[in-house]
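Source file: query_38.txt; contents: compact mmCIF, C-alpha atoms.
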```txt
# COMPACT_ATOMS: atom_id res chain seq x y z
CA MET R 1 -43.74 56.49 40.56
CA LEU R 2 -47.37 57.14 39.63
CA THR R 3 -48.97 59.52 42.11
CA ILE R 4 -51.94 61.87 41.93
CA GLN R 5 -49.72 64.79 42.91
CA ASN R 6 -47.39 63.93 40.05
CA LEU R 7 -50.27 63.69 37.57
CA LYS R 8 -51.84 66.95 38.78
CA SER R 9 -48.52 68.68 38.33
CA LYS R 10 -48.18 67.34 34.78
CA ILE R 11 -51.74 68.29 33.85
CA ALA R 12 -51.14 71.85 35.04
CA GLN R 13 -48.37 72.23 32.47
CA SER R 14 -48.59 72.45 28.67
CA PRO R 15 -50.02 69.27 27.07
CA TYR R 16 -47.03 69.29 24.74
CA GLN R 17 -44.08 68.47 26.97
CA ALA R 18 -43.24 65.20 25.24
CA TYR R 19 -44.35 63.30 22.14
CA VAL R 20 -45.54 59.84 23.18
CA TYR R 21 -45.92 57.56 20.17
CA SER R 22 -44.11 54.45 21.37
CA TYR R 23 -43.06 52.80 24.59
CA PRO R 24 -40.27 52.73 25.35
CA HIS R 25 -38.65 55.33 23.09
CA LYS R 26 -35.28 54.58 21.49
CA THR R 27 -33.64 56.92 24.01
CA ALA R 28 -34.25 54.14 26.57
CA TYR R 29 -32.36 51.59 24.47
CA ARG R 30 -28.83 50.60 25.43
CA PRO R 31 -26.14 48.17 24.21
CA LEU R 32 -27.12 44.54 24.88
CA THR R 33 -24.36 42.62 26.63
CA PRO R 34 -24.03 39.95 25.44
CA PRO R 35 -25.86 40.45 22.12
CA VAL R 36 -29.10 38.50 21.78
CA TYR R 37 -29.08 35.60 19.30
CA LEU R 38 -32.13 36.23 17.13
CA PRO R 39 -32.91 32.62 16.10
CA GLU R 40 -33.39 31.75 19.78
CA LEU R 41 -35.39 34.94 20.46
CA TRP R 42 -37.82 34.54 17.57
CA ALA R 43 -38.22 30.79 18.16
CA GLN R 44 -40.14 31.76 21.31
CA GLN R 45 -42.53 34.08 19.44
CA ASP R 46 -45.75 33.51 17.53
CA ARG R 47 -44.56 34.00 13.94
CA GLN R 48 -47.84 33.49 12.08
CA ALA R 49 -49.12 37.08 11.88
CA LEU R 50 -46.09 39.34 11.92
CA PHE R 51 -45.79 42.98 10.90
CA LEU R 52 -43.03 43.61 8.35
CA TYR R 53 -41.55 47.10 8.38
CA ILE R 54 -38.81 48.36 6.02
CA HIS R 55 -37.07 51.64 6.77
CA ILE R 56 -35.75 53.93 4.02
CA PRO R 57 -33.70 56.75 5.60
CA PHE R 58 -33.54 59.13 2.62
CA CYS R 59 -35.32 62.47 2.18
CA GLU R 60 -35.09 65.32 -0.32
CA MET R 61 -34.94 67.84 2.54
CA ARG R 62 -34.63 67.95 6.31
CA CYS R 63 -37.74 69.55 7.79
CA GLY R 64 -37.13 71.98 10.62
CA PHE R 65 -39.22 69.96 13.08
CA CYS R 66 -37.85 66.52 12.13
CA ASN R 67 -35.89 64.37 14.60
CA LEU R 68 -36.28 61.13 12.67
CA PHE R 69 -33.40 58.93 11.60
CA THR R 70 -33.10 60.26 8.06
CA THR R 71 -30.52 61.88 5.81
CA VAL R 72 -30.43 64.24 2.84
CA SER R 73 -26.75 63.49 2.18
CA HIS R 74 -26.95 60.70 -0.36
CA ASN R 75 -26.51 59.85 -4.00
CA GLU R 76 -27.65 56.91 -6.12
CA ASP R 77 -24.53 54.90 -5.37
CA PHE R 78 -25.07 55.27 -1.61
CA MET R 79 -28.73 54.32 -1.99
CA SER R 80 -27.70 51.26 -4.03
CA GLN R 81 -25.34 50.19 -1.25
CA TYR R 82 -28.11 50.64 1.29
CA VAL R 83 -30.61 48.55 -0.69
CA ARG R 84 -28.06 45.77 -1.20
CA THR R 85 -27.38 45.73 2.54
CA LEU R 86 -31.08 45.59 3.26
CA GLN R 87 -31.32 42.61 0.92
CA ARG R 88 -28.54 40.85 2.87
CA GLN R 89 -30.27 41.59 6.15
CA ALA R 90 -33.58 40.26 4.80
CA GLN R 91 -31.98 36.99 3.72
CA ARG R 92 -30.57 36.46 7.21
CA MET R 93 -33.86 37.38 8.88
CA LYS R 94 -35.82 34.99 6.68
CA ALA R 95 -33.49 32.21 7.84
CA VAL R 96 -33.98 33.36 11.44
CA LEU R 97 -37.78 33.32 11.18
CA GLY R 98 -38.19 30.09 9.29
CA ASP R 99 -41.83 29.30 8.56
CA ALA R 100 -43.34 32.72 9.31
CA SER R 101 -46.20 34.67 7.77
CA PHE R 102 -46.98 38.37 7.62
CA ALA R 103 -50.31 40.03 8.33
CA ARG R 104 -49.26 43.53 7.25
CA PHE R 105 -46.41 45.43 5.66
CA ALA R 106 -45.25 49.05 5.72
CA ILE R 107 -42.42 51.04 4.16
CA GLY R 108 -41.50 54.17 6.07
CA GLY R 109 -38.68 56.59 6.50
CA GLY R 110 -37.47 59.02 5.65
CA THR R 111 -39.27 59.02 2.34
CA PRO R 112 -39.41 55.64 0.58
CA THR R 113 -40.34 57.24 -2.75
CA GLN R 114 -37.08 59.19 -2.63
CA LEU R 115 -35.56 55.97 -3.95
CA PRO R 116 -35.13 55.65 -7.72
CA ILE R 117 -37.95 53.52 -9.08
CA GLN R 118 -35.76 50.46 -9.67
CA HIS R 119 -34.68 50.48 -6.02
CA LEU R 120 -38.25 50.99 -4.84
CA GLU R 121 -39.24 47.94 -6.85
CA THR R 122 -36.38 46.00 -5.27
CA ILE R 123 -37.71 46.87 -1.81
CA LEU R 124 -41.14 45.53 -2.74
CA ASN R 125 -39.52 42.37 -4.12
CA ILE R 126 -37.52 41.93 -0.91
CA ALA R 127 -40.77 41.93 1.03
CA GLU R 128 -42.43 39.47 -1.31
CA SER R 129 -39.72 37.19 -2.68
CA THR R 130 -37.17 37.21 0.14
CA MET R 131 -39.37 37.59 3.23
CA GLY R 132 -42.36 35.77 1.80
CA ALA R 133 -44.99 38.44 2.48
CA LYS R 134 -48.06 37.87 0.28
CA LEU R 135 -48.49 41.43 -0.92
CA GLN R 136 -51.73 40.77 -2.79
CA GLU R 137 -53.38 39.52 0.40
CA ILE R 138 -52.28 41.88 3.20
CA PRO R 139 -52.59 45.59 4.01
CA ILE R 140 -49.61 47.63 2.82
CA SER R 141 -48.78 51.22 3.74
CA VAL R 142 -46.14 53.45 2.13
CA GLU R 143 -45.05 56.97 3.07
CA VAL R 144 -44.60 59.45 0.22
CA SER R 145 -43.87 63.15 -0.21
CA PRO R 146 -45.27 65.74 -2.63
CA GLU R 147 -41.98 65.95 -4.54
CA THR R 148 -41.43 62.20 -4.92
CA ALA R 149 -44.90 60.73 -5.45
CA THR R 150 -44.50 60.65 -9.22
CA GLU R 151 -46.93 58.88 -11.52
CA ASP R 152 -44.56 56.01 -12.32
CA LYS R 153 -43.79 55.33 -8.65
CA LEU R 154 -47.46 55.45 -7.66
CA LYS R 155 -48.29 53.02 -10.47
CA LEU R 156 -45.56 50.70 -9.21
CA LEU R 157 -46.96 50.82 -5.67
CA ARG R 158 -50.51 50.20 -6.85
CA SER R 159 -49.40 47.26 -9.02
CA HIS R 160 -47.92 45.66 -5.91
CA ALA R 161 -51.24 46.01 -4.04
CA VAL R 162 -50.26 48.96 -1.82
CA ASP R 163 -53.59 50.06 -0.36
CA ARG R 164 -52.56 52.92 1.93
CA VAL R 165 -50.53 55.99 1.00
CA SER R 166 -49.51 58.41 3.74
CA ILE R 167 -48.30 61.89 2.80
CA GLY R 168 -46.93 64.61 5.04
CA VAL R 169 -48.47 67.86 3.86
CA GLN R 170 -48.22 69.68 7.23
CA SER R 171 -49.87 72.88 5.90
CA PHE R 172 -51.58 74.22 2.77
CA ILE R 173 -50.26 77.71 3.54
CA ASP R 174 -47.02 78.30 1.63
CA SER R 175 -45.54 80.72 4.17
CA GLU R 176 -46.09 78.22 7.00
CA VAL R 177 -44.46 75.44 5.03
CA LEU R 178 -41.48 77.62 4.17
CA ALA R 179 -40.99 78.45 7.85
CA THR R 180 -40.43 74.73 8.52
CA GLN R 181 -37.65 74.67 5.90
CA ARG R 182 -39.69 72.63 3.41
CA ARG R 183 -39.59 73.49 -0.30
CA GLN R 184 -43.00 72.22 -1.38
CA SER R 185 -45.70 74.52 -2.76
CA THR R 186 -49.43 74.21 -2.29
CA THR R 187 -49.87 73.86 -6.05
CA GLN R 188 -47.47 70.91 -6.05
CA VAL R 189 -49.21 69.31 -3.06
CA GLU R 190 -52.65 69.60 -4.65
CA ALA R 191 -51.38 68.07 -7.91
CA THR R 192 -49.85 65.16 -5.99
CA LEU R 193 -53.01 64.52 -3.98
CA THR R 194 -55.09 64.58 -7.14
CA ARG R 195 -52.71 62.05 -8.69
CA ILE R 196 -52.97 59.76 -5.67
CA LYS R 197 -56.76 59.89 -5.68
CA GLU R 198 -56.88 59.14 -9.41
CA MET R 199 -54.73 56.04 -8.86
CA GLY R 200 -57.47 54.59 -6.67
CA PHE R 201 -55.59 53.81 -3.46
CA PRO R 202 -58.22 52.60 -0.96
CA THR R 203 -56.77 54.66 1.89
CA LEU R 204 -55.20 58.09 1.69
CA ASN R 205 -53.73 59.50 4.89
CA ILE R 206 -52.75 63.16 5.15
CA ASP R 207 -50.57 64.50 7.98
CA LEU R 208 -50.99 68.08 9.19
CA ILE R 209 -49.10 69.98 11.92
CA TYR R 210 -50.48 72.68 14.22
CA GLY R 211 -48.40 75.25 16.08
CA LEU R 212 -46.21 76.13 13.08
CA PRO R 213 -44.37 79.48 12.93
CA GLY R 214 -46.77 82.18 11.76
CA GLN R 215 -49.79 79.90 11.96
CA THR R 216 -53.08 81.07 13.44
CA VAL R 217 -56.17 79.09 14.38
CA ASN R 218 -57.84 80.41 11.24
CA THR R 219 -55.02 79.40 8.89
CA TRP R 220 -54.94 76.01 10.63
CA LEU R 221 -58.62 75.51 9.86
CA GLN R 222 -57.95 76.61 6.27
CA SER R 223 -55.45 73.77 5.94
CA ILE R 224 -57.95 71.26 7.29
CA GLN R 225 -60.62 72.54 4.89
CA ALA R 226 -58.15 72.19 2.01
CA THR R 227 -57.42 68.64 3.17
CA LEU R 228 -61.11 67.76 3.23
CA ARG R 229 -61.44 68.60 -0.45
CA PHE R 230 -59.50 65.40 -1.17
CA GLN R 231 -61.71 63.27 1.13
CA PRO R 232 -58.88 61.34 2.78
CA GLU R 233 -59.88 58.24 4.66
CA GLU R 234 -57.47 59.19 7.44
CA ILE R 235 -56.10 62.46 8.78
CA TYR R 236 -53.41 62.83 11.42
CA LEU R 237 -53.24 66.10 13.34
CA TYR R 238 -49.80 66.46 14.91
CA PRO R 239 -48.83 69.15 17.41
CA LEU R 240 -45.49 70.78 16.68
CA TYR R 241 -42.78 69.66 19.04
CA VAL R 242 -39.55 71.66 18.83
CA ARG R 243 -36.83 69.16 19.67
CA SER R 244 -33.11 69.41 20.32
CA LEU R 245 -30.78 69.25 17.31
CA THR R 246 -33.60 69.93 14.81
CA GLY R 247 -33.64 73.00 12.55
CA LEU R 248 -36.33 74.77 14.57
CA GLY R 249 -34.73 73.64 17.82
CA ARG R 250 -31.56 75.55 16.94
CA THR R 251 -33.38 78.87 16.71
CA ASP R 252 -33.95 81.34 19.55
CA ARG R 253 -37.61 81.76 18.69
CA GLU R 254 -40.23 81.85 21.43
CA TRP R 255 -43.14 79.65 20.39
CA ASP R 256 -46.65 81.09 20.55
CA ASP R 257 -48.61 78.26 22.10
CA ILE R 258 -51.85 78.16 20.16
CA ARG R 259 -51.63 74.39 19.87
CA LEU R 260 -54.41 73.50 22.30
CA ALA R 261 -56.82 75.90 20.60
CA CYS R 262 -55.82 74.48 17.20
CA TYR R 263 -56.34 70.93 18.42
CA ARG R 264 -59.81 71.65 19.79
CA GLU R 265 -60.99 73.57 16.73
CA GLY R 266 -59.51 71.02 14.35
CA ARG R 267 -61.05 68.13 16.23
CA SER R 268 -64.44 69.80 16.26
CA LEU R 269 -64.29 70.42 12.52
CA LEU R 270 -63.34 66.85 11.66
CA LEU R 271 -66.03 65.37 13.91
CA SER R 272 -68.61 67.61 12.25
CA GLU R 273 -67.43 66.30 8.87
CA GLY R 274 -68.13 62.70 9.78
CA TYR R 275 -64.70 61.61 11.01
CA THR R 276 -64.25 59.56 14.15
CA GLN R 277 -61.35 60.11 16.54
CA VAL R 278 -59.16 57.05 17.01
CA SER R 279 -56.48 58.71 19.15
CA MET R 280 -55.27 62.19 20.01
CA ARG R 281 -53.75 62.42 16.53
CA MET R 282 -55.66 60.05 14.26
CA PHE R 283 -59.06 60.67 12.69
CA ARG R 284 -60.79 58.26 10.33
CA ARG R 285 -63.70 58.78 7.96
CA LEU R 286 -66.26 56.05 8.52
CA GLU R 287 -68.02 54.41 5.62
CA GLU R 288 -71.79 54.65 5.47
CA GLY R 289 -73.38 52.32 7.99
CA GLN R 290 -70.15 51.75 9.89
CA GLY R 291 -70.47 52.89 13.48
CA ARG R 292 -67.84 53.82 16.02
CA GLN R 293 -68.09 50.49 17.80
CA GLY R 294 -68.02 48.66 14.48
CA ILE R 295 -64.26 49.11 14.36
CA ASN R 296 -62.24 46.94 16.68
CA ILE R 297 -58.88 48.47 17.47
CA SER R 298 -56.54 46.37 19.56
CA PRO R 299 -53.25 48.21 20.03
CA LEU R 300 -51.11 45.08 20.23
CA SER R 301 -52.75 43.19 17.37
CA PRO R 302 -54.45 45.77 15.14
CA PRO R 303 -56.82 44.58 12.40
CA SER R 304 -56.20 45.30 8.76
CA LEU R 305 -58.34 48.41 8.93
CA VAL R 306 -55.91 50.16 11.25
CA TYR R 307 -52.32 51.13 10.47
CA CYS R 308 -50.01 50.70 13.44
CA CYS R 309 -46.24 50.24 13.43
CA GLN R 310 -45.72 49.66 17.15
CA ALA R 311 -47.24 46.21 17.58
CA ASP R 312 -45.44 43.29 19.16
CA GLY R 313 -44.38 40.78 16.55
CA MET R 314 -42.79 43.31 14.19
CA ILE R 315 -39.77 42.62 12.02
CA GLY R 316 -37.88 45.78 11.16
CA LEU R 317 -35.46 45.82 8.22
CA GLY R 318 -33.21 48.75 7.46
CA CYS R 319 -30.89 50.92 9.50
CA GLY R 320 -33.50 52.97 11.37
CA ALA R 321 -36.08 50.21 11.88
CA ARG R 322 -37.07 48.80 15.22
CA SER R 323 -38.13 45.21 15.81
CA TYR R 324 -40.56 44.22 18.55
CA THR R 325 -40.98 40.95 20.37
CA ASN R 326 -42.92 40.64 23.60
CA THR R 327 -39.68 40.55 25.62
CA LEU R 328 -37.20 42.61 23.58
CA HIS R 329 -37.30 45.75 21.45
CA TYR R 330 -34.17 46.21 19.36
CA SER R 331 -32.69 48.37 16.62
CA ASN R 332 -29.51 50.09 15.50
CA GLU R 333 -28.35 53.13 17.43
CA TYR R 334 -30.39 56.32 17.23
CA ALA R 335 -29.22 59.78 16.20
CA VAL R 336 -30.59 63.11 14.98
CA GLY R 337 -27.41 64.95 13.93
CA SER R 338 -26.50 64.56 10.26
CA LYS R 339 -22.91 63.39 10.83
CA GLU R 340 -23.93 60.86 13.46
CA ILE R 341 -26.68 59.48 11.22
CA ARG R 342 -24.23 59.17 8.35
CA ASP R 343 -21.77 57.28 10.58
CA ILE R 344 -24.47 54.83 11.69
CA LEU R 345 -25.56 54.30 8.08
CA GLN R 346 -21.99 53.58 7.03
CA ALA R 347 -21.66 51.05 9.85
CA TYR R 348 -24.93 49.41 8.76
CA ILE R 349 -23.72 49.08 5.15
CA GLN R 350 -20.49 47.48 6.37
CA THR R 351 -22.27 44.97 8.64
CA PRO R 352 -21.09 41.38 8.02
CA ASN R 353 -23.86 38.94 7.13
CA GLU R 354 -23.54 36.91 10.33
CA ALA R 355 -23.89 40.04 12.50
CA PHE R 356 -27.50 40.36 11.34
CA ASP R 357 -28.24 37.25 13.42
CA TYR R 358 -27.78 39.25 16.61
CA ALA R 359 -29.45 42.18 18.36
CA SER R 360 -26.82 44.32 20.05
CA TYR R 361 -28.84 47.41 20.97
CA GLY R 362 -32.28 47.53 22.56
CA PHE R 363 -34.49 47.28 25.62
CA GLN R 364 -35.46 44.14 27.57
CA LEU R 365 -39.08 44.16 28.77
CA ASP R 366 -39.76 42.38 32.03
CA ALA R 367 -43.28 41.35 33.08
CA GLN R 368 -44.02 44.74 34.63
CA GLU R 369 -42.86 46.65 31.55
CA ARG R 370 -45.00 44.43 29.30
CA ARG R 371 -48.04 45.24 31.40
CA ARG R 372 -47.23 48.93 31.40
CA ARG R 373 -46.76 48.99 27.62
CA TYR R 374 -50.09 47.27 27.09
CA ILE R 375 -51.86 49.73 29.38
CA LEU R 376 -50.28 52.75 27.71
CA LEU R 377 -51.03 51.70 24.13
CA SER R 378 -54.55 50.56 25.00
CA LEU R 379 -55.50 53.62 27.00
CA LEU R 380 -54.28 56.08 24.37
CA SER R 381 -56.39 54.43 21.65
CA GLU R 382 -60.09 54.78 20.93
CA GLU R 383 -61.06 51.40 22.39
CA GLY R 384 -59.52 52.03 25.80
CA LEU R 385 -58.13 49.63 28.37
CA ASN R 386 -60.19 46.43 28.52
CA PHE R 387 -59.88 44.80 31.94
CA VAL R 388 -61.03 41.37 30.71
CA ILE R 389 -58.50 41.24 27.88
CA TYR R 390 -55.76 42.45 30.22
CA SER R 391 -56.60 39.70 32.72
CA HIS R 392 -56.69 37.08 29.99
CA GLN R 393 -53.30 38.17 28.66
CA PHE R 394 -51.44 38.67 31.94
CA GLY R 395 -53.41 36.59 34.45
CA THR R 396 -53.80 39.47 36.89
CA ASP R 397 -56.20 42.34 37.67
CA VAL R 398 -55.13 45.62 36.09
CA MET R 399 -56.45 47.74 38.95
CA VAL R 400 -54.49 45.62 41.43
CA ASP R 401 -51.34 45.92 39.32
CA PHE R 402 -51.80 49.66 38.71
CA PRO R 403 -54.22 51.10 41.32
CA GLU R 404 -52.98 54.59 40.41
CA LEU R 405 -55.17 54.41 37.28
CA THR R 406 -58.12 55.40 39.49
CA GLU R 407 -56.57 58.87 39.64
CA LEU R 408 -57.53 59.34 35.99
CA LEU R 409 -61.15 58.91 37.08
CA SER R 410 -60.85 61.34 39.98
CA LEU R 411 -59.39 64.00 37.67
CA ASN R 412 -62.10 63.40 35.04
CA LEU R 413 -59.50 62.32 32.53
CA ALA R 414 -61.09 58.90 32.07
CA THR R 415 -64.38 57.09 32.53
CA GLN R 416 -65.03 53.47 33.38
CA ASN R 417 -67.76 51.72 31.40
CA GLU R 418 -68.29 48.17 32.65
CA GLN R 419 -64.87 46.59 32.07
CA ILE R 420 -63.27 49.32 29.94
CA LEU R 421 -61.32 52.39 31.03
CA CYS R 422 -61.52 55.09 28.34
CA LEU R 423 -60.10 58.57 28.23
CA THR R 424 -62.55 61.47 28.27
CA ASP R 425 -62.24 64.30 25.75
CA ALA R 426 -60.09 66.11 28.32
CA GLY R 427 -57.98 62.99 28.72
CA ILE R 428 -57.52 62.49 24.97
CA GLU R 429 -56.17 66.00 24.50
CA ARG R 430 -53.72 65.29 27.34
CA SER R 431 -52.66 61.93 25.88
CA ASP R 432 -48.98 62.79 25.73
CA THR R 433 -49.04 63.96 29.34
CA ILE R 434 -50.83 60.81 30.50
CA GLY R 435 -48.55 58.65 28.42
CA ASP R 436 -45.47 60.23 29.97
CA TRP R 437 -47.02 59.80 33.43
CA LEU R 438 -47.33 56.07 32.76
CA PHE R 439 -43.62 55.65 31.99
CA SER R 440 -41.72 53.48 34.46
CA ASP R 441 -38.97 54.99 36.60
CA ARG R 442 -36.49 52.82 34.74
CA VAL R 443 -37.52 54.08 31.30
CA ARG R 444 -37.65 57.66 32.51
CA GLN R 445 -34.16 57.49 33.97
CA LEU R 446 -32.68 55.86 30.86
CA SER R 447 -34.28 58.46 28.59
CA GLN R 448 -33.19 61.37 30.78
CA THR R 449 -29.58 60.17 30.85
CA TYR R 450 -29.41 59.40 27.14
CA GLU R 451 -26.90 61.56 25.30
CA LEU R 452 -28.62 62.73 22.13
CA LYS R 453 -26.38 62.59 19.08
```

Turn the structure described in the file into structure tokens.
Amino acid sequence: MLTIQNLKSKIAQSPYQAYVYSYPHKTAYRPLTPPVYLPELWAQQDRQALFLYIHIPFCEMRCGFCNLFTTVSHNEDFMSQYVRTLQRQAQRMKAVLGDASFARFAIGGGTPTQLPIQHLETILNIAESTMGAKLQEIPISVEVSPETATEDKLKLLRSHAVDRVSIGVQSFIDSEVLATQRRQSTTQVEATLTRIKEMGFPTLNIDLIYGLPGQTVNTWLQSIQATLRFQPEEIYLYPLYVRSLTGLGRTDREWDDIRLACYREGRSLLLSEGYTQVSMRMFRRLEEGQGRQGINISPLSPPSLVYCCQADGMIGLGCGARSYTNTLHYSNEYAVGSKEIRDILQAYIQTPNEAFDYASYGFQLDAQERRRRYILLSLLSEEGLNFVIYSHQFGTDVMVDFPELTELLSLNLATQNEQILCLTDAGIERSDTIGDWLFSDRVRQLSQTYELK
């Protein structure tokens, strides 16, 4: 239940209790009994501007902070089996969707460029030839790593109209990177970034992490300064979260909490360099003459300028992908442990064709959960919660549905400007806390009772 006492208690704690990037998280998913027949589900959805997401679960290494559904235990034969299965799934989903069109496309992971180039090309062809996505006409984002973003793979991506490359650098300080169990060197990272820039991708996104072992505020700012030399259009600043079953989570280390200081100093530096803050994590460099209000960011139907993989109307292909409709979020089971991930991947590869017509694991969103999701995603973005749009979409008054939102105003975590509720600077830096506060009792209970594998 949302209460001011509850929010005050959360605000008094560290801002980094939980990482809120989607609602609900996969830990709230459960088996669907009976399974949901996808042709009937998608027949009720608007299928004319869908988001296509393909998940590649392979990486060259397992970072110490990573709790994503990804594996380093693979060879080319296993990857070939995975790609063939993904092709089978795509053929079934195309039949499910019928006459659908795609407004954006992303390949994530894992590390998509870990695939051999012929398999990477197959993935692009699946999107275009099987699913019918018009790659030359829509925004496309692909995640890469310093070790796998080779010249031939980047050329392939560019030839298929990929316009956004996202790379996880995390730090330009070798000792900090090594402490996260990554093998990359700063020299290698800089060579890769130079290669990406020379290829002419319209948008380069660089991910950095603050709160790493051995990191100081000064070394954190050094990494941001090194990032700025490559003039990325987007920069994501992620706080380190040490999670169960990850490499860092299995250590006995006590974490020096400099994260809030790093966030504030990093934010200040990026704003002074002409970047605008889109969310707690995302910063974008504006083009000349493009003002803050010149970018329209709607969290449930983002424009081509903004990359977002959590929008309703998303088709997820691949073992770790989620799909979103306005009433059901579904996926395969979730795991972090290497053996459990491998078992789920094996089950995915052995899936009969007809089984891809059903969702058997997910989360049903009732009317209240749909409202709550909209509020959470809107409020945590730059544009804020628009009361008029909310009323138009749901037919009710947001402050009647969720009167507790006024507590954000009383705690100076948000301001109300005409019909928009926006987070203040203090609210933005507490985004994860506020996001967690907005979770329903149902989602909270499901997540707390989920047995992490």

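In this comparison, which uses all atoms listed in the file, the residue of R:Thr148, R:Gln48, R:Thr70, R:Ser272 approaching Glu340 of chain R most closely is R:Thr70.
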
Quiz item: Can you tell me, as a ChimeraX atom specification, which residues sit within 8 Å of (-41.5, 57.2, -4.4) in the file's frame, using only C-alpha atoms?
Solution: /R:111-117,120,144-145,148-150,153-154

Take the residues from that selection and write them out as a tab-separated table (two decimals), in the frame of the given file, keeping C-alpha atoms.
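Saved result, selection_37.tsv, follows:
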```tsv
chain	number	residue	atom	x	y	z
R	111	THR	CA	-39.27	59.02	2.34
R	112	PRO	CA	-39.41	55.64	0.58
R	113	THR	CA	-40.34	57.24	-2.75
R	114	GLN	CA	-37.08	59.19	-2.63
R	115	LEU	CA	-35.56	55.97	-3.95
R	116	PRO	CA	-35.13	55.65	-7.72
R	117	ILE	CA	-37.95	53.52	-9.08
R	120	LEU	CA	-38.25	50.99	-4.84
R	144	VAL	CA	-44.60	59.45	0.22
R	145	SER	CA	-43.87	63.15	-0.21
R	148	THR	CA	-41.43	62.20	-4.92
R	149	ALA	CA	-44.90	60.73	-5.45
R	150	THR	CA	-44.50	60.65	-9.22
R	153	LYS	CA	-43.79	55.33	-8.65
R	154	LEU	CA	-47.46	55.45	-7.66
```

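When all atoms listed in the file are used to compute distances to Cys59 of chain R, the closest of the residues R:Thr424, R:Leu413, R:Glu143, R:Asp99 turns out to be R:Glu143.
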
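Of the residues listed (R:Leu423, R:Val165, R:Leu221, R:Ala359), R:Val165 shows the shortest atom-to-atom separation from Phe201 of chain R; distances use all atoms listed in the file.
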
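When the distance limit is 7 Å and all atoms listed in the file are what count, the residues near Asn332 of chain R, minus those fewer than 3 positions from it on the same chain, are Cys319, Gly320 and Tyr361 of chain R.
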
Self-check item: Selection: 7 Å around Tyr37 of chain R, all atoms listed in the file, excl. self and same-chain fewer than 4 positions, as a PyMOL selection string
Solution: chain R and resi 41+357-359

Self-check item: Nearest to Val96 of chain R by atom-to-atom distance, counting only C-alpha atoms, from R:Arg264, R:His392, R:Arg47, R:Arg430
Solution: R:Arg47

Kindly list the centre and edge lengths in Å, rounded to one decimal, for the axis-aligned box that covers all listed atoms of segment 266-284 of chain R plus 6 Å on each of its six sides, as lines of an AutoDock Vina configuration file.
```
center_x = -61.2
center_y = 64.0
center_z = 14.4
size_x = 26.9
size_y = 26.0
size_z = 23.1
```

Practice problem: Excluding Ile428 of chain R and residues on its chain fewer than 5 positions from it, collect all residues at most 9 Å away from it, counting all atoms listed in the file, and give them as JSON, numbers by chain. | Solution: {"R": [279, 280, 380, 381, 413, 414, 423, 434]}

Quiz item: Could you name the residues that touch Glu354 of chain R at 10 Å or less, counting all atoms listed in the file, but leaving out those on the same chain fewer than 2 positions away, as a ChimeraX atom specification?
Solution: /R:88-89,92,351-352,356-358

Quiz item: Do you have the atom CA of Thr396 of chain R-atom CA of Leu38 of chain R distance handy?
Solution: 29.5 Å

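The shortest atom-to-atom distance to Glu382 of chain R, with all atoms listed in the file taken into account, belongs to R:Gly427 out of R:Gly427, R:Gly266, R:Pro35, R:Gly214.
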
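The smallest atom-to-atom distance between Glu333 of chain R and any of R:Thr194, R:Ser268, R:Gln215, R:Ser360, using all atoms listed in the file, is found for R:Ser360.
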
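For the pair atom CA of Leu228 of chain R and atom CA of Val169 of chain R, the separation is 12.7 Å.
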
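Reported to one decimal place, the separation of atom CA of Thr186 of chain R from atom CA of Phe172 of chain R is 5.5 Å.
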
Practice problem: Please identify all polymer residues within 9 Å of Glu176 of chain R, counting all atoms listed in the file, omitting same-chain residues fewer than 2 positions from it, and present them as a PyMOL selection string. | Solution: chain R and resi 170-174+178-180+212-215
